[in-house]
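Undergrad: Provided below: protein-v4.cif, containing mmCIF, N, CA and C atoms and all ligand atoms.
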```cif
data_upload
#
loop_
_atom_site.label_atom_id
_atom_site.label_comp_id
_atom_site.auth_asym_id
_atom_site.auth_seq_id
_atom_site.Cartn_x
_atom_site.Cartn_y
_atom_site.Cartn_z
N MET A 1 5.20 -14.77 -16.77
CA MET A 1 5.52 -13.69 -15.83
C MET A 1 4.50 -13.74 -14.68
N ARG A 2 5.04 -13.82 -13.45
CA ARG A 2 4.18 -13.91 -12.25
C ARG A 2 3.92 -12.50 -11.74
N ARG A 3 2.62 -12.10 -11.77
CA ARG A 3 2.26 -10.70 -11.49
C ARG A 3 1.64 -10.58 -10.09
N ILE A 4 2.15 -9.56 -9.39
CA ILE A 4 1.76 -9.33 -7.98
C ILE A 4 1.04 -7.99 -7.89
N ILE A 5 0.06 -7.89 -6.99
CA ILE A 5 -0.55 -6.58 -6.72
C ILE A 5 -0.64 -6.36 -5.22
N THR A 6 -0.47 -5.10 -4.83
CA THR A 6 -0.69 -4.71 -3.44
C THR A 6 -1.30 -3.32 -3.41
N TYR A 7 -1.92 -2.96 -2.28
CA TYR A 7 -2.69 -1.72 -2.19
C TYR A 7 -2.23 -0.95 -0.96
N GLY A 8 -2.33 0.40 -1.05
CA GLY A 8 -2.01 1.17 0.14
C GLY A 8 -1.95 2.66 -0.09
N THR A 9 -1.76 3.39 1.01
CA THR A 9 -1.65 4.86 0.97
C THR A 9 -0.21 5.30 0.78
N PHE A 10 0.73 4.64 1.44
CA PHE A 10 2.17 4.90 1.31
C PHE A 10 2.50 6.37 1.50
N ASP A 11 1.90 7.00 2.51
CA ASP A 11 2.22 8.40 2.80
C ASP A 11 3.43 8.45 3.72
N LEU A 12 4.26 9.52 3.56
CA LEU A 12 5.53 9.60 4.33
C LEU A 12 6.26 8.27 4.19
N LEU A 13 6.55 7.90 2.99
CA LEU A 13 7.16 6.60 2.65
C LEU A 13 8.29 6.27 3.64
N HIS A 14 8.26 5.07 4.19
CA HIS A 14 9.28 4.69 5.19
C HIS A 14 9.71 3.24 4.97
N TYR A 15 10.67 2.78 5.78
CA TYR A 15 11.29 1.47 5.54
C TYR A 15 10.32 0.32 5.76
N GLY A 16 9.25 0.57 6.51
CA GLY A 16 8.22 -0.49 6.64
C GLY A 16 7.54 -0.74 5.31
N HIS A 17 7.26 0.35 4.60
CA HIS A 17 6.66 0.22 3.26
C HIS A 17 7.64 -0.49 2.30
N ILE A 18 8.89 -0.07 2.37
CA ILE A 18 9.91 -0.65 1.47
C ILE A 18 10.07 -2.15 1.74
N ASN A 19 10.08 -2.53 3.02
CA ASN A 19 10.16 -3.97 3.37
C ASN A 19 9.00 -4.74 2.75
N LEU A 20 7.83 -4.12 2.80
CA LEU A 20 6.63 -4.78 2.24
C LEU A 20 6.77 -4.92 0.72
N LEU A 21 7.17 -3.84 0.08
CA LEU A 21 7.26 -3.85 -1.39
C LEU A 21 8.34 -4.81 -1.87
N ARG A 22 9.45 -4.87 -1.12
CA ARG A 22 10.55 -5.78 -1.50
C ARG A 22 10.05 -7.23 -1.43
N ARG A 23 9.37 -7.57 -0.30
CA ARG A 23 8.90 -8.96 -0.14
C ARG A 23 7.75 -9.28 -1.07
N ALA A 24 6.94 -8.26 -1.40
CA ALA A 24 5.86 -8.49 -2.38
C ALA A 24 6.47 -8.83 -3.73
N LYS A 25 7.49 -8.08 -4.12
CA LYS A 25 8.14 -8.34 -5.41
C LYS A 25 8.78 -9.73 -5.43
N GLU A 26 9.28 -10.17 -4.29
CA GLU A 26 9.91 -11.50 -4.20
C GLU A 26 8.92 -12.63 -4.48
N GLN A 27 7.63 -12.30 -4.44
CA GLN A 27 6.60 -13.32 -4.72
C GLN A 27 6.49 -13.58 -6.22
N GLY A 28 7.09 -12.71 -7.05
CA GLY A 28 6.93 -12.90 -8.51
C GLY A 28 7.92 -12.05 -9.29
N ASP A 29 7.43 -11.59 -10.49
CA ASP A 29 8.36 -10.86 -11.38
C ASP A 29 7.93 -9.43 -11.66
N TYR A 30 6.65 -9.13 -11.40
CA TYR A 30 6.11 -7.83 -11.80
C TYR A 30 5.18 -7.36 -10.69
N LEU A 31 5.48 -6.17 -10.12
CA LEU A 31 4.70 -5.70 -8.98
C LEU A 31 3.88 -4.45 -9.34
N ILE A 32 2.57 -4.57 -9.16
CA ILE A 32 1.66 -3.45 -9.36
C ILE A 32 1.28 -2.92 -7.98
N VAL A 33 1.36 -1.60 -7.81
CA VAL A 33 0.91 -0.99 -6.55
C VAL A 33 -0.33 -0.15 -6.86
N ALA A 34 -1.44 -0.50 -6.21
CA ALA A 34 -2.67 0.31 -6.34
C ALA A 34 -2.63 1.32 -5.20
N LEU A 35 -2.39 2.56 -5.58
CA LEU A 35 -2.14 3.65 -4.61
C LEU A 35 -3.43 4.41 -4.34
N SER A 36 -3.77 4.49 -3.03
CA SER A 36 -5.01 5.18 -2.64
C SER A 36 -4.97 6.64 -3.06
N THR A 37 -6.01 7.08 -3.77
CA THR A 37 -6.07 8.50 -4.17
C THR A 37 -6.36 9.35 -2.94
N ASP A 38 -6.16 10.65 -3.09
CA ASP A 38 -6.43 11.58 -1.97
C ASP A 38 -7.91 11.50 -1.57
N GLU A 39 -8.78 11.43 -2.58
CA GLU A 39 -10.22 11.38 -2.28
C GLU A 39 -10.56 10.09 -1.54
N PHE A 40 -10.04 8.96 -2.02
CA PHE A 40 -10.33 7.66 -1.37
C PHE A 40 -9.82 7.67 0.06
N ASN A 41 -8.61 8.20 0.26
CA ASN A 41 -8.05 8.25 1.61
C ASN A 41 -8.95 9.04 2.55
N TRP A 42 -9.42 10.18 2.06
CA TRP A 42 -10.21 11.04 2.95
C TRP A 42 -11.60 10.45 3.19
N LYS A 43 -12.27 10.05 2.09
CA LYS A 43 -13.66 9.57 2.19
C LYS A 43 -13.73 8.23 2.92
N GLU A 44 -12.81 7.32 2.61
CA GLU A 44 -12.95 5.94 3.10
C GLU A 44 -12.06 5.61 4.29
N LYS A 45 -10.95 6.36 4.44
CA LYS A 45 -10.03 6.02 5.54
C LYS A 45 -9.84 7.19 6.51
N GLN A 46 -10.50 8.31 6.22
CA GLN A 46 -10.38 9.53 7.03
C GLN A 46 -8.88 9.88 7.22
N LYS A 47 -8.09 9.59 6.18
CA LYS A 47 -6.66 9.92 6.22
C LYS A 47 -6.44 11.17 5.37
N LYS A 48 -5.79 12.17 5.97
CA LYS A 48 -5.36 13.35 5.20
C LYS A 48 -3.89 13.16 4.93
N CYS A 49 -3.54 12.94 3.67
CA CYS A 49 -2.12 12.62 3.37
C CYS A 49 -1.26 13.87 3.42
N TYR A 50 -0.01 13.68 3.84
CA TYR A 50 0.96 14.78 3.80
C TYR A 50 1.34 15.06 2.34
N PHE A 51 1.63 13.96 1.60
CA PHE A 51 1.97 14.09 0.18
C PHE A 51 0.73 13.78 -0.67
N SER A 52 0.59 14.55 -1.75
CA SER A 52 -0.53 14.33 -2.68
C SER A 52 -0.33 12.99 -3.40
N TYR A 53 -1.41 12.56 -4.06
CA TYR A 53 -1.36 11.30 -4.82
C TYR A 53 -0.21 11.33 -5.81
N GLU A 54 -0.06 12.45 -6.55
CA GLU A 54 0.99 12.56 -7.57
C GLU A 54 2.39 12.42 -6.95
N LYS A 55 2.61 13.03 -5.79
CA LYS A 55 3.91 12.96 -5.13
C LYS A 55 4.15 11.53 -4.60
N ARG A 56 3.12 10.93 -4.03
CA ARG A 56 3.26 9.56 -3.51
C ARG A 56 3.50 8.59 -4.67
N LYS A 57 2.88 8.84 -5.81
CA LYS A 57 3.07 8.01 -7.01
C LYS A 57 4.50 8.15 -7.51
N GLN A 58 4.99 9.37 -7.53
CA GLN A 58 6.36 9.64 -7.99
C GLN A 58 7.37 8.88 -7.12
N LEU A 59 7.14 8.92 -5.82
CA LEU A 59 8.06 8.22 -4.89
C LEU A 59 8.03 6.71 -5.14
N LEU A 60 6.83 6.16 -5.28
CA LEU A 60 6.71 4.71 -5.49
C LEU A 60 7.35 4.29 -6.80
N GLU A 61 7.18 5.11 -7.85
CA GLU A 61 7.73 4.75 -9.17
C GLU A 61 9.25 4.77 -9.16
N ALA A 62 9.83 5.40 -8.14
CA ALA A 62 11.31 5.46 -8.06
C ALA A 62 11.88 4.23 -7.35
N ILE A 63 11.00 3.39 -6.85
CA ILE A 63 11.45 2.20 -6.09
C ILE A 63 11.69 1.05 -7.05
N ARG A 64 12.86 0.40 -6.90
CA ARG A 64 13.25 -0.63 -7.89
C ARG A 64 12.26 -1.80 -7.93
N TYR A 65 11.54 -2.06 -6.82
CA TYR A 65 10.65 -3.23 -6.77
C TYR A 65 9.33 -2.98 -7.50
N VAL A 66 9.01 -1.70 -7.74
CA VAL A 66 7.68 -1.33 -8.25
C VAL A 66 7.74 -1.19 -9.77
N ASP A 67 6.81 -1.91 -10.45
CA ASP A 67 6.79 -1.87 -11.92
C ASP A 67 5.67 -0.98 -12.47
N LEU A 68 4.57 -0.87 -11.70
CA LEU A 68 3.44 -0.06 -12.19
C LEU A 68 2.66 0.46 -10.98
N VAL A 69 2.26 1.72 -11.07
CA VAL A 69 1.39 2.30 -10.02
C VAL A 69 0.06 2.68 -10.66
N ILE A 70 -1.03 2.19 -10.05
CA ILE A 70 -2.38 2.53 -10.55
C ILE A 70 -3.16 3.14 -9.39
N PRO A 71 -4.23 3.89 -9.65
CA PRO A 71 -4.98 4.51 -8.55
C PRO A 71 -5.91 3.51 -7.87
N GLU A 72 -6.00 3.61 -6.54
CA GLU A 72 -7.03 2.89 -5.79
C GLU A 72 -8.11 3.91 -5.46
N GLU A 73 -9.30 3.73 -6.06
CA GLU A 73 -10.38 4.72 -5.88
C GLU A 73 -11.57 4.15 -5.11
N SER A 74 -11.59 2.81 -4.93
CA SER A 74 -12.72 2.21 -4.18
C SER A 74 -12.26 0.89 -3.57
N TRP A 75 -12.98 0.48 -2.49
CA TRP A 75 -12.67 -0.82 -1.87
C TRP A 75 -12.99 -1.95 -2.83
N GLU A 76 -13.96 -1.70 -3.75
CA GLU A 76 -14.50 -2.80 -4.56
C GLU A 76 -13.68 -3.11 -5.83
N GLN A 77 -12.65 -2.34 -6.10
CA GLN A 77 -11.99 -2.51 -7.40
C GLN A 77 -11.03 -3.70 -7.47
N LYS A 78 -10.77 -4.36 -6.36
CA LYS A 78 -9.71 -5.38 -6.33
C LYS A 78 -9.98 -6.53 -7.30
N ILE A 79 -11.22 -7.03 -7.34
CA ILE A 79 -11.52 -8.14 -8.26
C ILE A 79 -11.28 -7.71 -9.70
N PHE A 80 -11.77 -6.50 -10.02
CA PHE A 80 -11.58 -5.98 -11.39
C PHE A 80 -10.07 -5.88 -11.70
N ASP A 81 -9.31 -5.28 -10.77
CA ASP A 81 -7.87 -5.09 -10.99
C ASP A 81 -7.16 -6.44 -11.22
N ILE A 82 -7.51 -7.41 -10.37
CA ILE A 82 -6.84 -8.72 -10.46
C ILE A 82 -7.09 -9.35 -11.83
N ASN A 83 -8.33 -9.22 -12.30
CA ASN A 83 -8.65 -9.77 -13.63
C ASN A 83 -8.02 -8.93 -14.74
N GLN A 84 -8.14 -7.61 -14.60
CA GLN A 84 -7.64 -6.70 -15.63
C GLN A 84 -6.13 -6.87 -15.86
N TYR A 85 -5.39 -7.09 -14.76
CA TYR A 85 -3.92 -7.15 -14.87
C TYR A 85 -3.39 -8.58 -14.77
N ASN A 86 -4.30 -9.56 -14.89
CA ASN A 86 -3.89 -10.98 -14.80
C ASN A 86 -2.99 -11.25 -13.60
N VAL A 87 -3.42 -10.81 -12.45
CA VAL A 87 -2.61 -10.91 -11.23
C VAL A 87 -2.61 -12.35 -10.71
N ASP A 88 -1.40 -12.81 -10.31
CA ASP A 88 -1.27 -14.16 -9.75
C ASP A 88 -1.33 -14.16 -8.22
N VAL A 89 -0.80 -13.08 -7.62
CA VAL A 89 -0.75 -13.04 -6.16
C VAL A 89 -1.17 -11.66 -5.65
N PHE A 90 -2.12 -11.65 -4.73
CA PHE A 90 -2.55 -10.42 -4.04
C PHE A 90 -1.81 -10.40 -2.71
N VAL A 91 -1.10 -9.31 -2.44
CA VAL A 91 -0.28 -9.24 -1.22
C VAL A 91 -0.69 -8.04 -0.37
N MET A 92 -0.78 -8.25 0.95
CA MET A 92 -1.02 -7.14 1.89
C MET A 92 -0.26 -7.43 3.18
N GLY A 93 0.03 -6.37 3.94
CA GLY A 93 0.61 -6.54 5.27
C GLY A 93 -0.40 -7.27 6.15
N ASN A 94 0.13 -7.97 7.19
CA ASN A 94 -0.79 -8.81 7.98
C ASN A 94 -1.65 -8.04 8.98
N ASP A 95 -1.58 -6.71 8.94
CA ASP A 95 -2.60 -5.95 9.69
C ASP A 95 -3.95 -6.13 8.99
N TRP A 96 -3.92 -6.64 7.77
CA TRP A 96 -5.14 -6.93 7.00
C TRP A 96 -5.46 -8.43 6.97
N GLU A 97 -4.76 -9.20 7.83
CA GLU A 97 -4.91 -10.66 7.83
C GLU A 97 -6.38 -11.08 7.73
N GLY A 98 -6.70 -11.89 6.72
CA GLY A 98 -8.05 -12.43 6.59
C GLY A 98 -9.04 -11.53 5.87
N GLN A 99 -8.75 -10.22 5.79
CA GLN A 99 -9.74 -9.28 5.23
C GLN A 99 -10.00 -9.49 3.75
N PHE A 100 -9.04 -10.08 3.06
CA PHE A 100 -9.19 -10.20 1.61
C PHE A 100 -9.21 -11.66 1.13
N ASP A 101 -9.49 -12.60 2.08
CA ASP A 101 -9.51 -14.02 1.70
C ASP A 101 -10.56 -14.31 0.63
N PHE A 102 -11.62 -13.47 0.58
CA PHE A 102 -12.68 -13.69 -0.43
C PHE A 102 -12.12 -13.66 -1.85
N LEU A 103 -10.96 -12.98 -2.00
CA LEU A 103 -10.39 -12.87 -3.37
C LEU A 103 -9.96 -14.24 -3.90
N LYS A 104 -9.68 -15.19 -2.94
CA LYS A 104 -9.25 -16.54 -3.38
C LYS A 104 -10.40 -17.24 -4.11
N GLU A 105 -11.63 -17.00 -3.59
CA GLU A 105 -12.80 -17.64 -4.24
C GLU A 105 -13.20 -16.86 -5.50
N LYS A 106 -13.09 -15.52 -5.42
CA LYS A 106 -13.64 -14.67 -6.49
C LYS A 106 -12.70 -14.54 -7.68
N THR A 107 -11.42 -14.86 -7.44
CA THR A 107 -10.45 -14.71 -8.55
C THR A 107 -9.54 -15.94 -8.53
N SER A 108 -8.65 -15.99 -9.53
CA SER A 108 -7.74 -17.15 -9.57
C SER A 108 -6.43 -16.81 -8.87
N SER A 109 -6.42 -15.67 -8.14
CA SER A 109 -5.14 -15.28 -7.51
C SER A 109 -4.99 -15.87 -6.11
N ASP A 110 -3.71 -16.04 -5.72
CA ASP A 110 -3.43 -16.38 -4.32
C ASP A 110 -3.56 -15.11 -3.49
N VAL A 111 -3.72 -15.28 -2.17
CA VAL A 111 -3.75 -14.13 -1.26
C VAL A 111 -2.67 -14.37 -0.21
N VAL A 112 -1.73 -13.41 -0.11
CA VAL A 112 -0.59 -13.57 0.81
C VAL A 112 -0.54 -12.37 1.74
N TYR A 113 -0.44 -12.65 3.05
CA TYR A 113 -0.29 -11.56 4.04
C TYR A 113 1.13 -11.64 4.57
N LEU A 114 1.81 -10.50 4.53
CA LEU A 114 3.22 -10.48 4.97
C LEU A 114 3.33 -9.75 6.30
N GLU A 115 4.23 -10.18 7.14
CA GLU A 115 4.45 -9.53 8.45
C GLU A 115 4.67 -8.03 8.27
N ARG A 116 3.99 -7.25 9.06
CA ARG A 116 4.29 -5.80 9.08
C ARG A 116 5.64 -5.58 9.72
N THR A 117 6.31 -4.50 9.36
CA THR A 117 7.53 -4.11 10.06
C THR A 117 7.11 -3.42 11.36
N PRO A 118 7.50 -3.98 12.50
CA PRO A 118 7.03 -3.37 13.76
C PRO A 118 7.63 -1.98 13.99
N GLU A 119 7.10 -1.24 14.90
CA GLU A 119 7.60 0.04 15.47
C GLU A 119 7.58 1.21 14.50
N ILE A 120 7.34 1.00 13.20
CA ILE A 120 7.32 2.19 12.33
C ILE A 120 5.94 2.30 11.67
N SER A 121 5.43 3.52 11.63
CA SER A 121 4.18 3.79 10.91
C SER A 121 4.14 5.29 10.61
N THR A 122 3.35 5.66 9.63
CA THR A 122 3.22 7.08 9.30
C THR A 122 2.71 7.85 10.51
N THR A 123 1.76 7.24 11.22
CA THR A 123 1.20 7.90 12.42
C THR A 123 2.30 8.14 13.45
N GLN A 124 3.15 7.13 13.65
CA GLN A 124 4.24 7.25 14.64
C GLN A 124 5.22 8.35 14.22
N ILE A 125 5.51 8.42 12.93
CA ILE A 125 6.44 9.46 12.44
C ILE A 125 5.88 10.84 12.78
N LYS A 126 4.57 11.02 12.50
CA LYS A 126 3.95 12.33 12.76
C LYS A 126 4.02 12.65 14.26
N LYS A 127 3.75 11.64 15.11
CA LYS A 127 3.78 11.88 16.57
C LYS A 127 5.19 12.25 17.01
N ASP A 128 6.18 11.50 16.51
CA ASP A 128 7.58 11.75 16.91
C ASP A 128 8.02 13.14 16.48
N LEU A 129 7.63 13.53 15.27
CA LEU A 129 8.03 14.86 14.78
C LEU A 129 7.41 15.96 15.65
N GLU A 130 6.14 15.70 16.03
CA GLU A 130 5.45 16.69 16.86
C GLU A 130 6.19 16.86 18.19
N SER A 131 6.54 15.73 18.82
CA SER A 131 7.21 15.84 20.14
C SER A 131 8.61 16.41 19.97
N MET A 132 9.28 16.09 18.88
CA MET A 132 10.61 16.68 18.64
C MET A 132 10.48 18.19 18.49
N GLY A 133 9.45 18.56 17.72
CA GLY A 133 9.22 20.00 17.48
C GLY A 133 8.99 20.72 18.78
N ASN A 134 8.19 20.09 19.66
CA ASN A 134 7.91 20.74 20.96
C ASN A 134 9.22 20.91 21.74
N LYS A 135 10.06 19.84 21.68
CA LYS A 135 11.31 19.89 22.45
C LYS A 135 12.17 21.05 21.93
N ILE A 136 12.28 21.16 20.57
CA ILE A 136 13.13 22.21 20.00
C ILE A 136 12.62 23.57 20.49
N ILE A 137 11.26 23.74 20.44
CA ILE A 137 10.71 25.04 20.88
C ILE A 137 11.04 25.24 22.35
N ASP A 138 10.85 24.15 23.14
CA ASP A 138 11.13 24.31 24.59
C ASP A 138 12.62 24.55 24.74
N1 LIG B 1 3.12 -1.78 6.20
C1 LIG B 1 4.08 -2.65 6.75
N2 LIG B 1 4.78 -2.25 7.83
C2 LIG B 1 4.58 -1.02 8.38
C3 LIG B 1 3.63 -0.14 7.82
C4 LIG B 1 2.91 -0.55 6.71
O1 LIG B 1 4.27 -3.78 6.26
N3 LIG B 1 5.31 -0.67 9.48
C5 LIG B 1 2.37 -2.25 5.03
C6 LIG B 1 0.87 -2.31 5.31
O2 LIG B 1 0.54 -3.53 5.97
C7 LIG B 1 0.30 -2.25 3.89
C8 LIG B 1 1.32 -1.36 3.15
O3 LIG B 1 2.51 -1.34 3.97
O4 LIG B 1 0.29 -3.55 3.29
C9 LIG B 1 0.81 0.05 2.96
O5 LIG B 1 0.48 0.57 4.25
P1 LIG B 1 -0.57 1.79 4.31
O6 LIG B 1 -0.13 2.86 3.40
O7 LIG B 1 -0.84 2.07 5.76
O8 LIG B 1 -1.86 1.10 3.65
P2 LIG B 1 -3.34 1.04 4.25
O9 LIG B 1 -3.77 2.38 4.71
O10 LIG B 1 -3.37 -0.11 5.16
O11 LIG B 1 -4.20 0.78 2.91
O12 LIG B 1 -7.30 -1.46 0.11
C10 LIG B 1 -6.24 -1.61 1.03
C11 LIG B 1 -5.82 -0.28 1.61
O13 LIG B 1 -5.59 0.67 0.59
C12 LIG B 1 -4.56 -0.47 2.47
#
```
Show me this structure written as structure tokens.
TA:
Amino acid sequence: MRRIITYGTFDLLHYGHINLLRRAKEQGDYLIVALSTDEFNWKEKQKKCYFSYEKRKQLLEAIRYVDLVIPEESWEQKIFDINQYNVDVFVMGNDWEGQFDFLKEKTSSDVVYLERTPEISTTQIKKDLESMGNKIID
């Protein structure tokens, strides 16, 4: 069984995330998603999530491509996770291109960066909703 892992916040789940998860799963047979906890998001990424960790986990677990969701609590846990779950391929969107190449030397896993889906992001959704809201009020 070829095991894949990927990491992220996945807040306001959208089709860009789904495209990533679908293509990550295509790399193997079993997909683990390490989901950033609320604390990790705030402390390390200064992201305040709209949905709590539990809600974001629930959404991810409902996706056919996802086999297991685990918490991401630190930047340093990737080597441990890859060994712990016998991961064959580490996958991230290419906005992270090159950032995790060290995992190739430190673990026996491949590192694959997949094209991001252009034009959609959680930040963009929030901005669009804000401007829509203003229009409705106006
Ligand atoms: N993504 C994508 N296309 C988009 C938006 C996101 O392919 N339009 C991908 C990102 O490249 C990432 C995954 O979806 O691989 C999750 O995106 P985020 O939730 O924004 O994850 P991020 O905050 O980048 O956290 O340790 C790694 C971090 O936890 C990654």
Undergrad: Can you list, as a ChimeraX atom specification, every protein, DNA or RNA residue that comes within 8 Å of Ala34 in chain A when you count only N, CA and C atoms, leaving out same-chain residues fewer than 5 positions away?
TA: /A:5-9,68-73
Undergrad: Set out as a tab-separated table a contact list for chain A and ligand LIG 1 (chain B) with a cut-off of 7 Å, giving each residue of chain A that qualifies its closest atom pair and distance in Å to one decimal, counting all atoms listed in the file, ordered by chain and rising residue number.
TA:
```
residue	atom	partner	partner_atom	distance
A:Thr6	C	B:LIG1	C10	6.9
A:Tyr7	C	B:LIG1	O13	4.0
A:Gly8	CA	B:LIG1	O8	3.5
A:Thr9	N	B:LIG1	O6	2.9
A:Phe10	N	B:LIG1	O6	2.8
A:Asp11	N	B:LIG1	O6	4.7
A:Tyr15	C	B:LIG1	N3	6.3
A:Gly16	C	B:LIG1	N2	4.0
A:His17	CA	B:LIG1	O3	4.5
A:Ile18	N	B:LIG1	O3	6.7
A:Asn19	C	B:LIG1	O1	6.0
A:Leu20	CA	B:LIG1	O1	4.8
A:Leu21	N	B:LIG1	O3	6.6
A:Ala34	C	B:LIG1	O13	6.5
A:Leu35	C	B:LIG1	O13	6.6
A:Ser36	N	B:LIG1	O13	5.6
A:Glu72	CA	B:LIG1	O13	6.9
A:Ser74	C	B:LIG1	O12	6.6
A:Trp75	CA	B:LIG1	O12	5.8
A:Val91	C	B:LIG1	O4	5.9
A:Met92	C	B:LIG1	O4	3.9
A:Gly93	N	B:LIG1	O4	2.9
A:Asn94	N	B:LIG1	O2	4.6
A:Asp95	N	B:LIG1	O2	4.8
A:Trp96	N	B:LIG1	O2	5.7
A:Leu114	C	B:LIG1	O1	6.0
A:Glu115	C	B:LIG1	O1	4.7
A:Arg116	CA	B:LIG1	O1	3.5
A:Thr117	N	B:LIG1	N2	3.1
A:Pro118	N	B:LIG1	N3	5.0
A:Glu119	N	B:LIG1	N3	5.7
A:Ile120	C	B:LIG1	N3	3.7
A:Ser121	N	B:LIG1	N3	4.7
A:Thr122	N	B:LIG1	C3	6.1
```
Undergrad: I want to know what sits within 8 Å of range 80-84 of chain A, based on only C-alpha atoms, with residues of the same chain fewer than 6 positions away left out; could you give that as a ChimeraX atom specification?
TA: /A:5,90,107,109
Undergrad: Pick from A:Asp38, A:Tyr50, A:Lys25, A:Glu61: nearest to Ile125 in chain A, with only C-alpha atoms counted?
TA: A:Tyr50
Undergrad: Go through range 3-136 of chain A and collect every residue that DSSP, computed from the backbone, puts in strand (DSSP E); the answer should be as number ranges by chain.
TA: A: 3-8, 30-36, 68-72, 89-93, 110-114
